[in-house]
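The next block is work-v7.cif, given as mmCIF, C-alpha atoms and all ligand atoms.
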data_my_file
#
loop_
_atom_site.label_atom_id
_atom_site.label_comp_id
_atom_site.auth_asym_id
_atom_site.auth_seq_id
_atom_site.Cartn_x
_atom_site.Cartn_y
_atom_site.Cartn_z
CA MET A 15 179.50 106.07 -97.71
CA GLY A 16 182.58 104.50 -96.11
CA HIS A 17 182.30 101.41 -93.97
CA SER A 18 181.67 102.58 -90.41
CA ALA A 19 184.14 101.27 -87.81
CA ALA A 20 181.45 101.70 -85.14
CA VAL A 21 179.31 99.15 -86.93
CA TRP A 22 181.91 96.58 -87.97
CA ASP A 23 185.58 97.02 -87.28
CA TYR A 24 186.71 94.07 -89.36
CA ARG A 25 189.68 95.93 -90.80
CA ALA A 26 191.29 96.14 -87.36
CA ALA A 27 191.78 92.37 -87.29
CA ILE A 28 193.08 91.86 -90.81
CA GLU A 29 196.42 92.51 -92.37
CA ILE A 30 197.40 92.64 -96.01
CA ALA A 31 200.68 91.06 -97.02
CA LYS A 32 202.29 90.30 -100.36
CA ASP A 33 202.91 86.68 -101.28
CA TRP A 34 206.18 85.74 -103.00
CA ASN A 35 204.73 86.64 -106.39
CA GLY A 36 203.85 90.13 -105.17
CA ILE A 37 200.11 89.33 -105.06
CA ASP A 38 198.18 90.74 -102.08
CA GLN A 39 196.79 88.31 -99.60
CA VAL A 40 194.58 89.11 -96.66
CA VAL A 41 195.46 87.54 -93.33
CA LEU A 42 192.61 87.08 -90.85
CA ARG A 43 193.52 86.41 -87.23
CA SER A 44 191.30 85.39 -84.39
CA PRO A 45 192.35 86.41 -80.81
CA HIS A 46 192.99 82.83 -79.59
CA GLY A 47 195.27 81.79 -82.44
CA PRO A 48 193.28 80.57 -85.47
CA SER A 49 194.10 82.30 -88.73
CA ALA A 50 193.24 82.22 -92.42
CA LYS A 51 194.79 83.65 -95.58
CA VAL A 52 192.83 84.78 -98.61
CA SER A 53 194.69 85.56 -101.82
CA LEU A 54 193.34 88.22 -104.14
CA TYR A 55 194.41 85.81 -106.87
CA GLY A 56 191.24 83.81 -107.37
CA GLY A 57 189.76 84.97 -104.05
CA GLN A 58 191.28 81.71 -102.91
CA ILE A 59 191.71 80.57 -99.31
CA THR A 60 195.35 79.51 -99.20
CA SER A 61 195.61 78.70 -95.50
CA TRP A 62 193.40 77.94 -92.53
CA ARG A 63 195.05 77.19 -89.21
CA ASN A 64 193.70 76.15 -85.83
CA GLU A 65 194.55 77.66 -82.43
CA LYS A 66 197.77 75.59 -82.29
CA GLY A 67 198.88 77.01 -85.63
CA GLU A 68 198.35 73.66 -87.40
CA GLU A 69 197.37 73.89 -91.07
CA LEU A 70 193.98 72.36 -91.91
CA LEU A 71 193.92 72.76 -95.70
CA PHE A 72 196.09 70.94 -98.21
CA THR A 73 198.20 72.93 -100.66
CA SER A 74 200.50 71.08 -103.02
CA SER A 75 204.23 71.58 -102.58
CA LYS A 76 204.22 71.98 -106.38
CA ALA A 77 201.40 74.56 -106.50
CA ILE A 78 201.99 77.46 -108.87
CA PHE A 79 200.81 80.69 -107.31
CA LYS A 80 200.45 82.80 -110.41
CA PRO A 81 198.10 83.33 -113.33
CA PRO A 82 196.83 81.78 -115.51
CA LYS A 83 196.52 78.57 -113.48
CA ALA A 84 194.47 78.15 -110.30
CA ILE A 85 196.41 77.45 -107.11
CA ARG A 86 196.43 73.69 -106.41
CA GLY A 87 194.96 73.47 -102.94
CA GLY A 88 193.15 75.53 -100.30
CA ILE A 89 189.61 76.53 -101.24
CA SER A 90 188.90 78.00 -104.66
CA THR A 91 185.57 79.06 -106.06
CA CYS A 92 184.50 77.43 -109.30
CA PHE A 93 182.30 79.91 -111.18
CA PRO A 94 180.54 80.28 -113.62
CA GLN A 95 180.95 76.59 -114.22
CA PHE A 96 182.14 73.48 -112.51
CA GLY A 97 183.93 71.26 -115.01
CA ASN A 98 184.57 72.82 -118.39
CA CYS A 99 181.18 72.67 -120.17
CA GLY A 100 182.83 73.60 -123.45
CA SER A 101 184.61 76.59 -121.92
CA PRO A 102 188.40 76.83 -122.26
CA GLU A 103 188.74 77.40 -118.51
CA GLN A 104 188.13 74.28 -116.43
CA HIS A 105 186.00 75.21 -113.39
CA GLY A 106 185.36 78.76 -114.63
CA PHE A 107 187.41 81.93 -114.65
CA ALA A 108 186.71 83.26 -111.12
CA ARG A 109 189.57 81.28 -109.58
CA ASN A 110 192.05 82.62 -112.15
CA LYS A 111 191.27 86.32 -111.78
CA LEU A 112 192.56 89.07 -109.55
CA TRP A 113 189.82 90.10 -107.16
CA ILE A 114 189.64 93.42 -105.29
CA ILE A 115 188.74 94.21 -101.70
CA ASP A 116 185.12 95.31 -101.65
CA ASP A 117 184.89 98.79 -100.12
CA ASN A 118 181.10 98.78 -100.14
CA PRO A 119 180.18 95.34 -98.82
CA PRO A 120 176.71 94.27 -97.74
CA PRO A 121 176.07 94.72 -94.01
CA VAL A 122 176.99 91.88 -91.67
CA PRO A 123 173.87 90.62 -89.84
CA PRO A 124 174.29 90.81 -86.02
CA ASN A 125 174.17 87.00 -85.60
CA ASP A 126 177.06 86.67 -88.07
CA SER A 127 179.33 89.33 -86.61
CA ASP A 128 179.99 88.04 -83.07
CA GLY A 129 183.72 87.70 -82.53
CA LYS A 130 184.43 87.17 -86.20
CA THR A 131 187.05 88.79 -88.37
CA CYS A 132 185.97 89.29 -91.91
CA VAL A 133 187.01 90.40 -95.36
CA ASP A 134 184.86 91.10 -98.40
CA LEU A 135 186.16 90.59 -101.93
CA LEU A 136 184.61 91.56 -105.23
CA LEU A 137 184.88 90.24 -108.77
CA LYS A 138 183.38 92.02 -111.75
CA PRO A 139 183.74 90.74 -115.33
CA SER A 140 186.52 92.19 -117.43
CA GLU A 141 186.15 92.81 -121.18
CA GLU A 142 187.97 89.53 -121.71
CA ASP A 143 185.56 87.64 -119.39
CA LEU A 144 182.57 89.10 -121.21
CA LYS A 145 183.90 87.70 -124.48
CA CYS A 146 183.73 84.13 -123.20
CA TRP A 147 180.75 84.56 -120.84
CA PRO A 148 178.68 87.57 -121.98
CA TYR A 149 176.70 88.29 -118.80
CA SER A 150 176.84 91.22 -116.40
CA PHE A 151 177.37 90.06 -112.85
CA GLU A 152 178.90 91.05 -109.56
CA TYR A 153 180.33 88.31 -107.40
CA ARG A 154 180.90 89.19 -103.73
CA LEU A 155 182.83 86.78 -101.53
CA ARG A 156 182.80 87.26 -97.76
CA VAL A 157 185.31 85.25 -95.69
CA MET A 158 184.80 85.15 -91.92
CA LEU A 159 186.96 83.59 -89.24
CA ALA A 160 185.22 82.97 -85.91
CA ALA A 161 186.80 83.05 -82.45
CA ASP A 162 186.54 79.21 -82.30
CA GLY A 163 188.43 78.94 -85.61
CA GLY A 164 185.35 78.23 -87.74
CA LEU A 165 185.72 79.48 -91.29
CA THR A 166 182.71 80.75 -93.25
CA LEU A 167 182.57 81.62 -96.94
CA ILE A 168 179.57 83.43 -98.34
CA SER A 169 179.28 83.89 -102.11
CA ARG A 170 176.73 86.31 -103.52
CA VAL A 171 176.28 86.43 -107.26
CA ARG A 172 174.04 89.16 -108.68
CA ASN A 173 172.73 89.57 -112.19
CA ILE A 174 173.15 93.32 -112.52
CA ASN A 175 171.73 93.84 -115.96
CA GLY A 176 170.75 92.40 -119.28
CA LYS A 177 169.75 88.84 -119.86
CA PRO A 178 169.13 85.92 -117.50
CA PHE A 179 172.04 83.55 -116.99
CA ASN A 180 172.76 80.07 -115.61
CA PHE A 181 175.82 78.95 -113.75
CA SER A 182 177.14 76.03 -111.79
CA PHE A 183 179.35 76.48 -108.77
CA ALA A 184 181.63 74.76 -106.25
CA TYR A 185 183.80 75.59 -103.27
CA HIS A 186 186.71 73.39 -104.34
CA THR A 187 187.93 72.46 -100.85
CA TYR A 188 191.19 70.56 -100.33
CA LEU A 189 191.12 69.14 -96.79
CA LEU A 190 194.47 68.14 -95.30
CA VAL A 191 194.26 64.59 -93.94
CA SER A 192 196.81 62.39 -92.22
CA ASP A 193 196.27 59.30 -94.38
CA ILE A 194 193.56 59.01 -97.02
CA SER A 195 192.97 55.33 -96.21
CA GLU A 196 192.00 56.29 -92.64
CA VAL A 197 189.36 58.83 -93.64
CA ARG A 198 185.59 58.42 -93.87
CA ILE A 199 182.86 60.77 -94.99
CA GLU A 200 179.50 60.69 -93.24
CA GLY A 201 176.33 62.24 -94.60
CA LEU A 202 176.45 60.90 -98.18
CA GLU A 203 175.18 57.39 -97.52
CA THR A 204 172.18 56.24 -99.64
CA LEU A 205 172.52 59.23 -101.98
CA ASP A 206 172.62 59.05 -105.76
CA TYR A 207 175.83 60.22 -107.37
CA LEU A 208 177.21 60.91 -110.83
CA ASP A 209 180.49 59.14 -111.40
CA ASN A 210 182.85 61.36 -113.40
CA LEU A 211 185.13 58.36 -113.93
CA ARG A 212 182.28 56.54 -115.76
CA GLN A 213 180.92 59.19 -118.14
CA ARG A 214 178.79 60.69 -115.35
CA GLU A 215 176.70 57.53 -115.01
CA ARG A 216 174.32 57.62 -112.04
CA PHE A 217 174.74 55.21 -109.10
CA THR A 218 173.42 54.95 -105.55
CA GLU A 219 175.84 54.98 -102.61
CA GLN A 220 175.59 51.62 -100.82
CA GLY A 221 178.13 51.96 -98.00
CA ASP A 222 177.52 53.17 -94.40
CA ALA A 223 180.04 55.91 -95.07
CA VAL A 224 182.25 56.86 -98.00
CA THR A 225 185.85 55.65 -97.82
CA ILE A 226 188.48 56.11 -100.52
CA GLU A 227 190.56 53.20 -101.77
CA SER A 228 191.23 54.26 -105.37
CA GLU A 229 190.69 57.27 -107.63
CA MET A 230 187.33 58.90 -106.90
CA ASP A 231 185.54 61.72 -108.70
CA ARG A 232 181.84 61.84 -107.84
CA VAL A 233 179.04 64.36 -107.59
CA TYR A 234 176.68 63.33 -104.76
CA LEU A 235 173.26 64.72 -105.51
CA ARG A 236 170.89 66.59 -103.22
CA SER A 237 172.91 65.92 -100.10
CA PRO A 238 172.08 66.95 -96.52
CA ASN A 239 173.48 70.32 -95.50
CA VAL A 240 175.92 68.89 -92.96
CA ILE A 241 178.72 66.51 -93.93
CA ALA A 242 181.43 65.16 -91.62
CA VAL A 243 184.90 64.07 -92.72
CA LEU A 244 186.51 61.94 -90.01
CA ASP A 245 190.30 61.70 -89.87
CA HIS A 246 190.90 58.73 -87.56
CA GLU A 247 194.64 59.09 -87.27
CA ARG A 248 194.50 62.74 -86.19
CA LYS A 249 191.32 62.07 -84.20
CA ARG A 250 189.64 65.08 -85.68
CA THR A 251 186.57 65.71 -87.76
CA PHE A 252 185.91 68.39 -90.35
CA VAL A 253 182.30 69.49 -90.22
CA LEU A 254 181.04 71.12 -93.42
CA ARG A 255 177.75 73.01 -93.33
CA LYS A 256 176.38 74.32 -96.58
CA GLU A 257 173.43 76.43 -97.68
CA GLY A 258 172.19 77.12 -101.19
CA LEU A 259 174.34 74.31 -102.60
CA SER A 260 172.59 71.02 -103.16
CA ASP A 261 175.46 68.75 -104.21
CA VAL A 262 178.77 67.51 -102.81
CA VAL A 263 181.76 66.63 -104.99
CA VAL A 264 184.28 64.11 -103.65
CA TRP A 265 187.63 63.89 -105.40
CA ASN A 266 190.92 62.15 -104.82
CA PRO A 267 193.23 61.61 -107.83
CA TRP A 268 195.01 58.57 -106.35
CA GLU A 269 198.33 57.32 -107.68
CA LYS A 270 198.14 57.31 -111.48
CA ARG A 271 196.28 60.60 -111.94
CA SER A 272 198.58 62.34 -109.41
CA LYS A 273 201.55 61.59 -111.63
CA SER A 274 199.88 63.30 -114.58
CA MET A 275 199.43 66.67 -112.81
CA VAL A 276 202.42 69.00 -113.04
CA ASP A 277 201.41 70.98 -109.97
CA PHE A 278 200.82 68.00 -107.69
CA GLY A 279 203.35 65.68 -106.01
CA ASP A 280 203.27 61.97 -106.87
CA GLU A 281 202.51 60.92 -103.30
CA GLU A 282 200.43 63.90 -102.20
CA TYR A 283 197.08 62.19 -102.85
CA LYS A 284 197.60 60.44 -99.50
CA GLN A 285 197.32 63.72 -97.60
CA MET A 286 194.36 65.35 -99.31
CA LEU A 287 190.69 64.94 -99.98
CA CYS A 288 188.50 67.36 -101.90
CA VAL A 289 184.98 67.62 -100.52
CA ASP A 290 183.24 70.43 -102.39
CA ALA A 291 179.90 72.00 -101.52
CA ALA A 292 178.52 72.55 -105.02
CA ALA A 293 175.63 73.22 -107.37
CA VAL A 294 176.36 70.96 -110.33
CA GLU A 295 173.38 68.85 -111.31
CA LYS A 296 170.93 71.76 -111.45
CA PRO A 297 172.53 75.04 -112.52
CA ILE A 298 171.39 78.22 -110.80
CA THR A 299 169.39 80.69 -112.87
CA LEU A 300 169.41 84.42 -112.19
CA LYS A 301 167.11 86.90 -113.88
CA PRO A 302 168.16 90.56 -114.10
CA GLY A 303 168.33 92.06 -110.59
CA GLU A 304 168.28 88.67 -108.84
CA GLU A 305 170.94 87.50 -106.40
CA TRP A 306 172.00 84.02 -105.29
CA THR A 307 173.78 83.18 -102.05
CA GLY A 308 175.84 80.04 -101.39
CA ARG A 309 177.37 79.51 -98.00
CA LEU A 310 179.96 77.11 -96.62
CA GLN A 311 180.97 76.85 -92.97
CA LEU A 312 183.92 74.70 -91.94
CA LEU A 313 184.75 73.65 -88.42
CA VAL A 314 187.18 71.15 -86.95
CA VAL A 315 186.20 69.23 -83.82
CA PRO A 316 187.75 66.29 -81.93
CA SER A 317 186.48 62.99 -83.37
CA SER A 318 185.10 62.07 -79.94
CA PHE A 319 182.14 64.34 -80.81
CA CYS A 320 179.38 62.06 -81.98
CA SER A 321 177.68 62.68 -85.29
CA GLU A 322 174.26 63.34 -83.71
CA GLN A 323 175.65 66.66 -82.56
CA PHE A 324 175.93 67.77 -86.16
CA GLU A 325 172.41 66.74 -87.07
CA LEU A 326 173.72 64.67 -89.97
O1 LIG B 401 185.44 66.65 -109.50
C1 LIG B 401 186.60 67.24 -109.09
C2 LIG B 401 187.42 67.71 -110.26
O2 LIG B 401 186.64 68.35 -111.21
C3 LIG B 401 188.17 66.55 -110.90
O3 LIG B 401 187.58 66.05 -112.06
C4 LIG B 401 189.54 67.09 -111.10
O4 LIG B 401 189.72 67.60 -112.34
C5 LIG B 401 189.62 68.09 -109.99
O5 LIG B 401 188.35 68.63 -109.80
C6 LIG B 401 190.67 69.15 -110.07
O6 LIG B 401 190.40 70.07 -111.04
P1 LIG B 401 191.48 71.16 -111.39
O7 LIG B 401 190.92 71.93 -112.54
O8 LIG B 401 191.64 72.01 -110.15
O9 LIG B 401 192.71 70.42 -111.77
#
Spit out the file's structure as structure tokens when you get a sec.
Ligand code: TA6
Amino acid sequence: MGHSAAVWDYRAAIEIAKDWNGIDQVVLRSPHGPSAKVSLYGGQITSWRNEKGEELLFTSSKAIFKPPKAIRGGISTCFPQFGNCGSPEQHGFARNKLWIIDDNPPPVPPNDSDGKTCVDLLLKPSEEDLKCWPYSFEYRLRVMLAADGGLTLISRVRNINGKPFNFSFAYHTYLLVSDISEVRIEGLETLDYLDNLRQRERFTEQGDAVTIESEMDRVYLRSPNVIAVLDHERKRTFVLRKEGLSDVVVWNPWEKRSKSMVDFGDEEYKQMLCVDAAAVEKPITLKPGEEWTGRLQLLVVPSSFCSEQFEL
């Protein structure tokens, strides 16, 4: 059955445009100005703008927008693994594949549909994917843009047949910040973390908030579901709400590492911070017929909002 316009007229508010490599990207627009772009390459969010048209996500000026490399910036989905775990593709293959628009998406619950524009994408394994990860799955990604500019990503992974499988996952989210040394993250204090810069050794966060003064690559374990990233210079706060994802990855390559990445400018580390809602420490297991959902909601508010309002 086709998707009934009387139930959910999401197609009326989206447009499909080609990027400069000829790859389709879906543009979502909200009536008061916010917008978002989702590329079918990787199902990646390549832009998210507020009502003034200001970009909120970082994308490198050196990003390469074509296969086989993931786009450096925006929000990509790392699946079926975060890291490389012996696989040739760092952070999994999902972000390097061409997705399709899902013409038979799951229904949108009434409390999710109010004033939102939405697109549903679908990834199924190709013969080539099955050679390196031999499991039958369907991965559905729903991207919703709310009237207030809030951006929601819902990933549903289903084991459609065969044997059980495990996977790890992350929404690799590059926030655009004015100056990395003026940024603090609230919600991770007192948590244990694995430090990827020290062979994944486990430490406990001691500070009142996380600030970044050198290269950082950490997996904060079992974090609260709401995290705030305060950008003092711009006087705005990113609020990240997650569900189904227990960990948070914080990454900034800083000076030396930046210079080693071909698709990243030498000075760009000052304007970005990756804060990824993730499931890394404990992989997710799906038996045949089971489905997992992982949700991320992003909102930007003036920094004058106090943290109590986010139930940190
Ligand atoms: O923890 C974040 C991280 O895995 C870093 O180790 C760093 O490699 C970063 O993501 C970027 O990964 P990418 O594969 O996109 O270059």
Ligand LIG 401 (chain B): which residues are within 10 Å, counting only C-alpha atoms and all ligand atoms? Reply as a ChimeraX atom specification. /A:83-87,90,92,96-98,103-106,109,184,186-188,209-211,230-233,262-267,271,275-278,288-290
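The shortest atom-to-atom distance to A:Lys249, with all atoms listed in the file taken into account, belongs to A:Arg198 out of A:Arg63, A:Lys177, A:Lys301, A:Arg198.
Nearest to A:Ser192 of all the residues A:Ser150, A:Thr251, A:Thr307, A:Thr299 is A:Thr251, counting only C-alpha atoms.
Considering the residues A:Gly279, A:Gly258, A:Gly176, A:Gly221 and counting all atoms listed in the file, A:Arg309 has its shortest atom-to-atom contact with A:Gly258.
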So which residues touch A:Pro178 within 10 Å, counting only C-alpha atoms, skipping near sequence neighbours fewer than 3 positions away, as a ChimeraX atom specification? /A:149-150,173-175,299-304
Those residues with C-alpha atoms, as a PDB file, in the coordinates of the input please?
ATOM      1  CA  TYR A 149     176.700  88.290-118.800  1.00  0.00           C
ATOM      2  CA  SER A 150     176.840  91.220-116.400  1.00  0.00           C
ATOM      3  CA  ASN A 173     172.730  89.570-112.190  1.00  0.00           C
ATOM      4  CA  ILE A 174     173.150  93.320-112.520  1.00  0.00           C
ATOM      5  CA  ASN A 175     171.730  93.840-115.960  1.00  0.00           C
ATOM      6  CA  THR A 299     169.390  80.690-112.870  1.00  0.00           C
ATOM      7  CA  LEU A 300     169.410  84.420-112.190  1.00  0.00           C
ATOM      8  CA  LYS A 301     167.110  86.900-113.880  1.00  0.00           C
ATOM      9  CA  PRO A 302     168.160  90.560-114.100  1.00  0.00           C
ATOM     10  CA  GLY A 303     168.330  92.060-110.590  1.00  0.00           C
ATOM     11  CA  GLU A 304     168.280  88.670-108.840  1.00  0.00           C
TER      12      GLU A 304
END
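Minimum atom-to-atom distance to A:Thr166, evaluated using all atoms listed in the file, belongs to A:Gln311 out of A:Ser318, A:Gln39, A:Ser44, A:Gln311.
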Report, in Å with one decimal, the straight-line distance from atom CA of A:Leu254 to atom CA of A:Gly47.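 Interatomic distance here is 20.9 Å.
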A:Lys145, A:Arg248, A:Arg43, A:Lys256: which is nearest A:Thr131, counting all atoms listed in the file? A:Arg43
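Distance check against A:Val191 using only C-alpha atoms: of A:Glu152, A:Glu68, A:Asp280, A:Asp245, the minimum falls on A:Asp245.
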So how far away is atom CA of A:Ile298 from atom CA of A:Glu219, in Å? 25.0 Å
What's around A:Asp116 at 7 Å? Count all atoms listed in the file, leave out sequence neighbours fewer than 3 positions away in its own chain, and write the answer as a PyMOL selection string. chain A and resi 119+134-136
Env of A:Trp306: 8 Å cut, atoms = only C-alpha atoms, seq-sep filter 5 positions within chain, self excluded. Answer as a list in words.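 Using only C-alpha atoms, the neighbours found are Ser169, Arg170, Val171, Arg172 and Leu300 of chain A.
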Could you tell me how far atom CA of A:Leu205 sits from atom CA of A:Ser237, in Å to one decimal place?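 Straight-line distance from atom CA of A:Ser237 to atom CA of A:Leu205 works out to 7.0 Å.
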Which residues are close to A:Trp113, i.e. within 8 Å by all atoms listed in the file, leaving aside same-chain residues fewer than 3 positions away? Reply as a PyMOL selection string. chain A and resi 54-57+135-137
A:His246 surroundings by all atoms listed in the file, 8 Å radius, close-in-sequence under 5 positions cut, as a ChimeraX atom specification: /A:196-197,317
